[in-house]
>>> print(open('target_9.cif').read())   # mmCIF, C-alpha atoms
data_target
loop_
_atom_site.label_atom_id
_atom_site.label_comp_id
_atom_site.auth_asym_id
_atom_site.auth_seq_id
_atom_site.Cartn_x
_atom_site.Cartn_y
_atom_site.Cartn_z
CA MET A 564 8.76 77.62 -33.40
CA THR A 565 6.27 80.36 -32.50
CA VAL A 566 7.86 82.77 -34.94
CA LYS A 567 7.49 80.19 -37.70
CA ARG A 568 3.94 79.32 -36.78
CA ILE A 569 2.95 82.96 -36.77
CA ALA A 570 4.74 83.40 -40.09
CA PHE A 571 2.59 80.58 -41.41
CA VAL A 572 -0.66 82.16 -40.22
CA GLN A 573 0.42 85.57 -41.55
CA GLU A 574 1.07 84.09 -44.97
CA LEU A 575 -2.23 82.20 -44.94
CA LEU A 576 -4.15 85.35 -44.03
CA LYS A 577 -2.27 87.23 -46.71
CA PHE A 578 -3.29 84.67 -49.31
CA ILE A 579 -6.97 84.98 -48.57
CA GLY A 580 -6.72 88.76 -48.33
CA LEU A 581 -6.38 89.68 -44.66
CA GLU A 582 -2.82 90.91 -44.81
CA GLY A 583 -1.18 92.87 -42.02
CA ARG A 584 -3.67 92.19 -39.26
CA LEU A 585 -1.51 89.82 -37.24
CA HIS A 586 1.64 90.92 -35.44
CA LEU A 587 4.10 89.11 -33.20
CA GLU A 588 6.60 90.77 -30.89
CA TRP A 589 8.74 89.65 -27.99
CA ILE A 590 8.45 92.04 -25.06
CA SER A 591 9.91 91.41 -21.65
CA SER A 592 8.00 92.48 -18.56
CA ALA A 593 10.81 94.98 -17.99
CA GLU A 594 10.23 96.68 -21.33
CA ALA A 595 7.23 98.85 -20.61
CA GLN A 596 8.31 101.47 -23.10
CA LYS A 597 8.61 98.93 -25.89
CA PHE A 598 5.20 97.49 -25.05
CA VAL A 599 3.62 100.93 -25.35
CA GLU A 600 5.35 101.59 -28.66
CA VAL A 601 4.41 98.27 -30.21
CA VAL A 602 0.79 98.42 -29.13
CA THR A 603 0.43 102.07 -30.18
CA ASN A 604 1.99 101.44 -33.59
CA PHE A 605 -0.11 98.40 -34.23
CA THR A 606 -3.29 100.15 -33.14
CA GLU A 607 -2.53 103.03 -35.47
CA LYS A 608 -1.76 100.67 -38.30
CA ILE A 609 -5.06 98.85 -37.85
CA ARG A 610 -6.97 102.10 -37.51
CA ALA A 611 -5.48 103.28 -40.79
CA MET A 612 -6.46 99.99 -42.44
CA GLY A 613 -10.03 100.41 -41.27
CA PRO A 614 -12.41 97.93 -39.70
CA ASN A 615 -12.30 94.21 -40.36
CA PRO A 616 -13.51 93.81 -43.94
CA LEU A 617 -15.37 90.67 -42.92
CA GLY A 618 -17.75 92.99 -41.08
CA ILE A 619 -18.62 94.72 -44.36
CA GLU A 620 -21.55 92.96 -45.88
CA THR A 621 -20.60 93.03 -49.56
CA VAL A 622 -17.13 91.69 -48.79
CA ALA A 623 -18.41 89.04 -46.42
CA ASN A 624 -20.87 87.91 -49.08
CA GLY A 625 -18.12 87.74 -51.65
CA ALA A 626 -20.20 89.93 -53.89
CA MET A 627 -18.08 92.57 -55.48
CA LYS A 628 -19.10 93.36 -59.00
CA TYR A 629 -22.66 92.12 -59.24
CA GLY A 630 -23.85 92.90 -55.76
CA HIS A 631 -25.88 89.73 -55.44
CA ASN A 632 -26.95 89.05 -51.91
CA MET B 639 -5.05 41.52 -67.95
CA ASP B 640 -1.60 41.35 -66.49
CA THR B 641 -2.32 43.44 -63.43
CA ILE B 642 -5.24 41.25 -62.43
CA LYS B 643 -3.00 38.16 -62.58
CA GLN B 644 -0.53 39.97 -60.35
CA ILE B 645 -3.25 40.78 -57.85
CA GLU B 646 -4.54 37.22 -57.96
CA GLN B 647 -1.05 35.97 -57.14
CA LEU B 648 -0.75 38.38 -54.21
CA ILE B 649 -4.01 37.08 -52.77
CA LEU B 650 -3.32 33.39 -53.45
CA GLN B 651 0.16 33.55 -51.98
CA ASN B 652 -1.30 35.14 -48.84
CA LYS B 653 0.82 38.24 -49.31
CA VAL B 654 -2.31 40.27 -48.78
CA ASP B 655 -5.51 39.52 -46.85
CA ILE B 656 -7.48 42.00 -48.88
CA PHE B 657 -6.81 43.91 -52.06
CA LEU B 658 -8.34 47.34 -52.48
CA GLY B 659 -9.30 48.31 -56.00
CA TYR B 660 -12.30 49.23 -58.08
CA LYS B 661 -15.07 46.91 -59.10
CA ASP B 662 -17.46 47.37 -61.96
CA LEU B 663 -20.99 47.37 -60.58
CA ASP B 664 -23.64 47.97 -63.23
CA GLY B 665 -21.36 50.29 -65.11
CA HIS B 666 -20.21 52.19 -62.03
CA LEU B 667 -16.76 51.68 -60.63
CA ILE B 668 -16.90 51.45 -56.89
CA PRO B 669 -14.11 50.92 -54.37
CA HIS B 670 -14.00 47.28 -53.43
CA GLY B 671 -12.00 44.89 -51.30
CA PHE B 672 -11.04 41.69 -53.13
CA THR B 673 -10.36 38.63 -50.98
CA LYS B 674 -9.51 34.97 -51.36
CA GLU B 675 -13.08 33.98 -50.55
CA ASN B 676 -14.43 35.92 -53.50
CA LEU B 677 -11.65 35.44 -55.99
CA ASP B 678 -14.00 35.28 -58.97
CA GLU B 679 -14.87 38.95 -58.36
CA LEU B 680 -11.44 39.80 -59.70
CA LYS B 681 -12.79 39.59 -63.23
CA ASP B 682 -14.79 42.75 -62.45
CA LEU B 683 -11.74 44.62 -61.23
CA GLN B 684 -11.09 47.62 -63.40
CA ILE B 685 -8.32 50.09 -63.57
CA SER B 686 -9.44 53.41 -64.93
CA ASP B 687 -9.08 57.05 -64.13
CA ASN B 688 -11.61 56.69 -61.31
CA ARG B 689 -10.15 57.77 -58.03
CA TYR B 690 -11.11 57.28 -54.44
CA SER B 691 -8.99 57.45 -51.31
CA LEU B 692 -8.36 53.73 -50.95
CA GLU B 693 -5.66 54.59 -48.41
CA LYS B 694 -8.41 55.86 -46.16
CA VAL B 695 -10.18 52.51 -46.39
CA ALA B 696 -6.83 50.91 -45.55
CA THR B 697 -6.44 53.05 -42.42
CA HIS B 698 -9.97 52.15 -41.31
CA LEU B 699 -9.25 48.45 -41.79
CA THR B 700 -5.96 48.79 -39.95
CA GLU B 701 -7.67 50.52 -37.03
CA LYS B 702 -9.80 47.44 -36.49
CA ASN B 703 -7.07 44.94 -37.20
CA PRO B 704 -3.51 46.34 -37.03
CA ASP B 705 -2.03 43.13 -38.47
CA ILE B 706 -4.13 42.98 -41.61
CA LYS B 707 -2.11 42.86 -44.82
CA ILE B 708 -3.52 45.11 -47.48
CA GLY B 709 -2.86 45.34 -51.19
CA ILE B 710 -3.73 48.55 -52.91
CA ILE B 711 -3.80 50.08 -56.37
CA ALA B 712 -1.37 52.95 -56.36
CA ARG B 713 -0.76 55.97 -58.50
CA ASP B 714 1.71 58.67 -57.57
CA CYS B 715 -0.81 60.48 -55.37
CA ASN B 716 -1.70 57.24 -53.58
CA LYS B 717 1.97 56.61 -52.92
CA ARG B 718 2.47 60.06 -51.47
CA ALA B 719 -0.57 59.49 -49.24
CA LEU B 720 0.72 56.08 -48.14
CA ASN B 721 4.13 57.54 -47.40
CA LEU B 722 2.57 60.23 -45.25
CA LEU B 723 0.37 57.72 -43.43
CA TYR B 724 3.50 55.63 -42.70
CA THR B 725 5.27 58.60 -41.16
CA TRP B 726 2.24 59.32 -38.95
CA ASN B 727 2.06 55.70 -37.88
CA GLN B 728 -1.40 55.19 -39.34
CA LEU B 729 -0.26 52.36 -41.55
CA ASN B 730 2.63 49.96 -41.35
CA PRO B 731 4.64 49.80 -44.58
CA GLU B 732 5.34 46.12 -43.94
CA ASN B 733 1.64 45.34 -44.21
CA ILE B 734 1.03 47.21 -47.44
CA GLU B 735 1.61 45.91 -50.95
CA THR B 736 1.11 48.28 -53.85
CA ILE B 737 0.34 47.55 -57.47
CA ASP B 738 1.46 50.51 -59.53
CA VAL B 739 -0.75 51.76 -62.31
CA ASN B 740 -0.14 54.29 -65.03
CA CYS B 741 -0.13 57.83 -63.85
CA CYS B 742 1.68 60.55 -65.70
CA PRO B 743 0.91 60.97 -69.37
CA SER B 744 3.63 60.21 -71.86
CA PRO B 745 3.76 59.46 -75.58
CA LEU B 746 5.63 56.30 -74.62
CA LYS B 747 2.55 54.92 -72.88
CA SER B 748 -0.64 53.72 -74.44
CA HIS B 749 -2.74 55.49 -71.83
CA SER B 750 -2.73 56.94 -68.34
CA ASP B 751 -5.13 56.14 -65.51
CA CYS B 752 -5.53 59.46 -63.86
CA SER B 753 -8.31 62.01 -63.93
CA TYR B 754 -6.34 65.05 -62.91
CA LEU B 755 -4.85 65.23 -66.32
CA GLU B 756 -7.90 67.21 -67.24
CA PRO B 757 -8.17 69.95 -64.65
CA ARG B 758 -11.57 71.24 -63.75
CA GLN B 759 -12.55 74.24 -65.83
CA SER B 760 -13.81 77.46 -64.30
CA GLY B 761 -16.80 79.22 -65.81
CA GLU B 762 -16.85 82.89 -66.73
CA PHE B 763 -18.70 83.96 -63.59
CA LYS B 764 -16.25 82.14 -61.38
CA LYS B 765 -13.31 83.72 -63.17
CA GLU B 766 -14.94 87.12 -62.81
CA ASN B 767 -15.94 86.85 -59.14
CA GLY B 768 -14.28 83.89 -57.56
CA VAL B 769 -11.05 81.97 -57.73
CA ASP B 770 -10.08 80.14 -60.93
CA TYR B 771 -9.29 76.46 -60.36
CA ASN B 772 -6.30 76.63 -62.61
CA ILE B 773 -4.58 79.79 -61.43
CA GLU B 774 -1.23 79.33 -59.72
CA PRO B 775 -1.07 80.66 -56.15
CA GLU B 776 1.68 83.07 -57.15
CA ALA B 777 -0.28 84.42 -60.10
CA PHE B 778 -3.32 84.83 -57.86
CA MET B 779 -1.27 86.89 -55.41
CA GLY B 780 0.17 89.01 -58.19
CA LYS B 781 -3.08 89.63 -59.97
CA PHE B 782 -5.33 90.73 -57.12
CA ASP B 783 -4.85 93.10 -54.22
CA ASN B 784 -5.59 92.32 -50.59
CA ASN B 785 -9.27 93.33 -50.73
CA GLU B 786 -10.02 91.60 -53.96
CA ARG B 787 -8.40 88.39 -52.76
CA LEU B 788 -10.63 88.44 -49.70
CA THR B 789 -13.80 89.14 -51.69
CA ARG B 790 -12.98 86.37 -54.12
CA TRP B 791 -12.25 83.80 -51.43
CA MET B 792 -15.37 84.83 -49.54
CA TYR B 793 -17.37 84.30 -52.73
CA GLU B 794 -15.99 80.77 -52.85
CA PHE B 795 -16.29 79.99 -49.13
CA ASN B 796 -19.85 81.30 -48.94
CA LYS B 797 -20.97 78.55 -51.29
CA CYS B 798 -19.97 75.90 -48.75
CA ILE B 799 -22.85 73.66 -47.71
CA LYS B 800 -20.87 72.13 -44.83
CA CYS B 801 -21.13 68.63 -46.24
CA TYR B 802 -17.72 67.65 -44.87
CA GLY B 803 -17.02 65.96 -48.20
CA CYS B 804 -13.53 67.47 -48.38
CA ARG B 805 -12.64 65.95 -45.04
CA ASN B 806 -14.35 62.64 -45.63
CA ILE B 807 -12.62 61.97 -48.93
CA CYS B 808 -9.22 63.18 -47.72
CA PRO B 809 -6.73 60.29 -47.53
CA VAL B 810 -4.63 62.09 -44.93
CA CYS B 811 -7.44 63.17 -42.58
CA PHE B 812 -7.05 60.71 -39.74
CA CYS B 813 -7.51 62.62 -36.47
CA LYS B 814 -9.38 60.86 -33.70
CA GLU B 815 -11.28 64.05 -33.00
CA CYS B 816 -11.94 66.45 -35.82
CA SER B 817 -11.60 70.17 -35.19
CA LEU B 818 -14.33 70.77 -37.72
CA GLU B 819 -16.71 68.98 -35.40
CA HIS B 820 -15.51 70.67 -32.24
CA PRO B 821 -18.43 72.72 -30.85
CA ASN B 822 -16.07 75.47 -29.66
CA LEU B 823 -14.74 75.99 -33.17
CA VAL B 824 -17.64 75.10 -35.46
CA GLU B 825 -21.18 75.37 -34.22
CA PRO B 826 -22.84 72.02 -34.77
CA GLY B 827 -26.07 71.67 -36.66
CA THR B 828 -26.26 75.15 -38.14
CA LEU B 829 -26.05 76.53 -41.64
CA PRO B 830 -24.56 78.49 -43.23
CA VAL B 831 -21.18 77.59 -41.92
CA GLU B 832 -19.08 80.35 -40.41
CA VAL B 833 -16.69 81.61 -43.06
CA PRO B 834 -13.82 81.91 -43.58
CA ILE B 835 -12.92 80.22 -40.30
CA PHE B 836 -14.25 76.79 -41.27
CA HIS B 837 -12.05 76.67 -44.34
CA LEU B 838 -9.08 78.22 -42.61
CA ILE B 839 -9.19 75.57 -39.89
CA ARG B 840 -9.04 72.89 -42.52
CA ALA B 841 -6.37 74.76 -44.45
CA ALA B 842 -4.21 74.99 -41.32
CA HIS B 843 -4.63 71.26 -40.76
CA MET B 844 -3.69 70.48 -44.33
CA ALA B 845 -0.43 72.40 -44.00
CA GLY B 846 2.41 69.93 -44.12
CA ARG B 847 -0.07 67.12 -44.65
CA CYS B 848 -1.88 67.65 -47.95
CA ILE B 849 -0.37 65.45 -50.63
CA ASP B 850 -2.08 67.35 -53.45
CA CYS B 851 -4.22 64.50 -54.75
CA GLY B 852 -7.03 66.92 -55.56
CA LEU B 853 -9.80 64.62 -54.34
CA CYS B 854 -11.28 67.32 -52.08
CA GLU B 855 -11.71 69.63 -55.01
CA GLU B 856 -13.27 66.87 -57.09
CA ALA B 857 -15.62 66.01 -54.23
CA CYS B 858 -16.70 69.56 -53.39
CA PRO B 859 -20.29 70.08 -54.56
CA ALA B 860 -19.88 73.83 -54.13
CA HIS B 861 -16.90 73.97 -56.49
CA ILE B 862 -14.55 75.63 -54.02
CA PRO B 863 -10.96 75.56 -55.32
CA LEU B 864 -9.67 73.75 -52.25
CA ARG B 865 -6.68 72.25 -53.96
CA LEU B 866 -5.37 75.70 -54.74
CA LEU B 867 -5.81 76.76 -51.12
CA TYR B 868 -4.00 73.71 -49.77
CA ARG B 869 -1.31 74.08 -52.39
CA GLU B 870 -0.64 77.52 -51.03
CA VAL B 871 -0.49 76.37 -47.39
CA ASN B 872 1.95 73.67 -48.41
CA GLU B 873 3.99 76.25 -50.26
CA ILE B 874 4.15 78.29 -47.05
CA VAL B 875 5.19 75.22 -45.06
CA SER B 876 7.81 74.50 -47.67
CA ASN B 877 9.16 78.07 -47.47
CA VAL B 878 8.97 78.51 -43.71
CA PHE B 879 9.76 75.00 -42.54
CA ASP B 880 11.49 73.48 -45.56
CA TYR B 881 9.20 70.44 -45.59
CA LYS B 882 7.32 68.69 -48.36
CA PRO B 883 4.63 66.21 -47.31
CA GLY B 884 4.54 62.79 -48.92
CA CYS B 885 8.18 62.93 -49.98
CA SER B 886 9.76 62.85 -46.55
CA ASP B 887 10.32 60.11 -44.00
CA GLU B 888 9.65 62.52 -41.20
CA LYS B 889 6.58 64.14 -39.73
CA SER B 890 5.94 67.74 -40.62
CA PRO B 891 7.71 70.20 -38.30
CA PHE B 892 4.61 72.34 -38.54
CA SER B 893 1.64 70.56 -37.20
CA VAL B 894 -1.49 71.40 -35.37
CA LEU B 895 -1.32 67.87 -33.99
CA GLY B 896 1.15 66.70 -31.39
CA GLY B 897 2.45 68.46 -28.29
CA ASP B 898 -0.29 68.58 -25.70
CA VAL B 899 -3.02 69.10 -28.27
CA VAL B 900 -5.84 66.59 -27.87
CA LEU B 901 -6.09 66.04 -31.60
CA GLU B 902 -3.69 63.14 -31.63
CA PRO B 903 -3.75 60.60 -34.44
CA LYS B 904 -5.46 57.33 -33.78
CA PRO B 905 -3.12 54.82 -32.15
CA MET B 906 -2.40 51.49 -33.75
CA ASP B 907 -1.60 49.76 -30.51
CA PHE B 908 -2.93 46.59 -29.02
CA LYS B 909 -5.21 48.26 -26.52
CA TYR B 910 -7.04 50.00 -29.29
CA LYS B 911 -7.42 46.72 -31.13
CA GLU B 912 -8.89 45.04 -28.05
CA LYS B 913 -11.32 47.84 -27.52
CA ASN B 914 -12.57 47.60 -31.07
CA ASN B 915 -12.72 43.85 -31.41
CA GLY B 916 -16.39 43.85 -30.70
CA LEU B 917 -17.13 45.98 -33.74
#
>>> encode(input="target_9.cif", output="structure tokens")
Amino acid sequence: MTVKRIAFVQELLKFIGLEGRLHLEWISSAEAQKFVEVVTNFTEKIRAMGPNPLGIETVANGAMKYGHN
Amino acid sequence: MDTIKQIEQLILQNKVDIFLGYKDLDGHLIPHGFTKENLDELKDLQISDNRYSLEKVATHLTEKNPDIKIGIIARDCNKRALNLLYTWNQLNPENIETIDVNCCPSPLKSHSDCSYLEPRQSGEFKKENGVDYNIEPEAFMGKFDNNERLTRWMYEFNKCIKCYGCRNICPVCFCKECSLEHPNLVEPGTLPVEVPIFHLIRAAHMAGRCIDCGLCEEACPAHIPLRLLYREVNEIVSNVFDYKPGCSDEKSPFSVLGGDVVLEPKPMDFKYKEKNNGL
């Protein structure tokens, strides 16, 4: 059920334009190596994508072409 | 008119205690409950393309008196809403009588009584900067990249005046406690509303529940294309969970209600009735 719920949220975020910022992974407490890999990869992915666009004023205002505030 | 005779019969034969329809009041059609006591009001009953969530009125009446028998004017969207309310135990199908009215347009019919035949039109500015009412979710995804989708939705969401009209009109909003009024999720008494979270909360709640009647979009004073958003969440539910609300006898497998969540639907049990008798 979790995998489906997360799939739902991922699709919803994708639709409104926040794709790729939610990740789900199963990691056992015995899989330290996997944990490191997943977290590192995801961190790098997010870093490459840049900061949350909602923090950027023009995006958060929904003003793209006309720049009205 | 034939339909009015039918309704009169339902009331006279005690098949319904109250019939929910629309009454002409000084040229305005308002939702109205017709009863045996005021049978002469039936002459003012009108069937037109005016729409209101009469099912919601029915759930409110049922909350106070679970045994009340209700007649209701029903188009396709009303029937989907009723079906969904049955599956969530908000209404009892045995207590509901429907009178069907014209819905889908066809050359074989003289007319149809539905307003969504003429979709709302988007202006040039909205098409340029926001989200077109009439775009299909798939086309929207194909046309705009990730960033542009976000900017466009933020343009729409930012117009929200937090009037709660979308929730209040919604025939399938029936939670005892509303997440949109939960102080931990939505700060009470402040404007502007926090976006996009306010709209995403509602979108998540509409998943597997929205019956695509379009009343929220009609009600929205800020012209936010809510129907499109909820259409998309239902599409996701359909793809991920293989469920279509309003057409199934079962509750949605995806739900933010249920489990140990406190947002349970209102009960229709006797205790609840007792508690509310004083009202």
>>> resolve_selection(input="target_9.cif", expression="the PyMOL selection byres ((chain A) within 10 of (chain B))", output="list of chain:residue names")
A:Met564, A:Val566, A:Lys567, A:Arg568, A:Ala570, A:Phe571, A:Val572, A:Gln573, A:Glu574, A:Leu575, A:Leu576, A:Lys577, A:Phe578, A:Ile579, A:Gly580, A:Leu581, A:Glu582, A:Gly583, A:Pro616, A:Leu617, A:Thr621, A:Val622, A:Ala623, A:Asn624, A:Gly625, A:Ala626, A:Met627, A:Lys628, A:Tyr629
>>> atom_distance(input="target_9.cif", atom1="atom CA of Gln728 of chain B", atom2="atom CA of Asn652 of chain B")
22.2 Å
>>> resolve_selection(input="target_9.cif", expression="the PyMOL selection byres ((chain B and resi 641) around 10)", output="PyMOL selection string")
chain B and resi 639-640+642-647+683-685+711+737-739
>>> residues_around(input="target_9.cif", residues="Leu864 of chain B", least_positions_apart="4", cutoff="12 Å", atoms="all atoms listed in the file", output="PyMOL selection string")
chain B and resi 758+769-772+775+791+794-795+798+803-805+808+837-838+840-841+844+848+850-860+868-871
>>> atom_distance(input="target_9.cif", atom1="atom CA of Asn716 of chain B", atom2="atom CA of Arg689 of chain B")
9.6 Å
>>> residues_around(input="target_9.cif", residues="segment 665-679 of chain B", least_positions_apart="3", cutoff="12 Å", atoms="all atoms listed in the file", output="number ranges by chain")
B: 642-643, 645-662, 682-696, 699, 707-711
>>> atom_distance(input="target_9.cif", atom1="atom CA of Leu818 of chain B", atom2="atom CA of Phe836 of chain B")
7.0 Å
>>> residues_near_point(input="target_9.cif", point="(-19.5, 66.3, -40.4)", cutoff="8 Å", atoms="all atoms listed in the file", output="PyMOL selection string")
chain B and resi 800-802+818-819
>>> residues_around(input="target_9.cif", residues="Phe605 of chain A", least_positions_apart="5", cutoff="12 Å", atoms="only C-alpha atoms", output="list of chain:residue names")
A:Gly583, A:Arg584, A:Leu585, A:His586, A:Leu587, A:Glu588, A:Phe598, A:Val599, A:Glu600, A:Arg610, A:Ala611, A:Met612
>>> closest_residue(input="target_9.cif", among="B:His861, B:Thr700, B:Val831, B:Leu680", to="Asn733 of chain B", atoms="all atoms listed in the file")
B:Thr700
>>> axis_aligned_box(input="target_9.cif", around="segment 580-591 of chain A", padding_each_side="3 Å", output="AutoDock Vina command-line options")
--center_x 1.6 --center_y 90.8 --center_z -35.0 --size_x 22.6 --size_y 10.1 --size_z 32.7
>>> closest_residue(input="target_9.cif", among="B:Thr736, B:Gly827, B:Pro731, B:Leu866", to="Glu774 of chain B", atoms="only C-alpha atoms")
B:Leu866
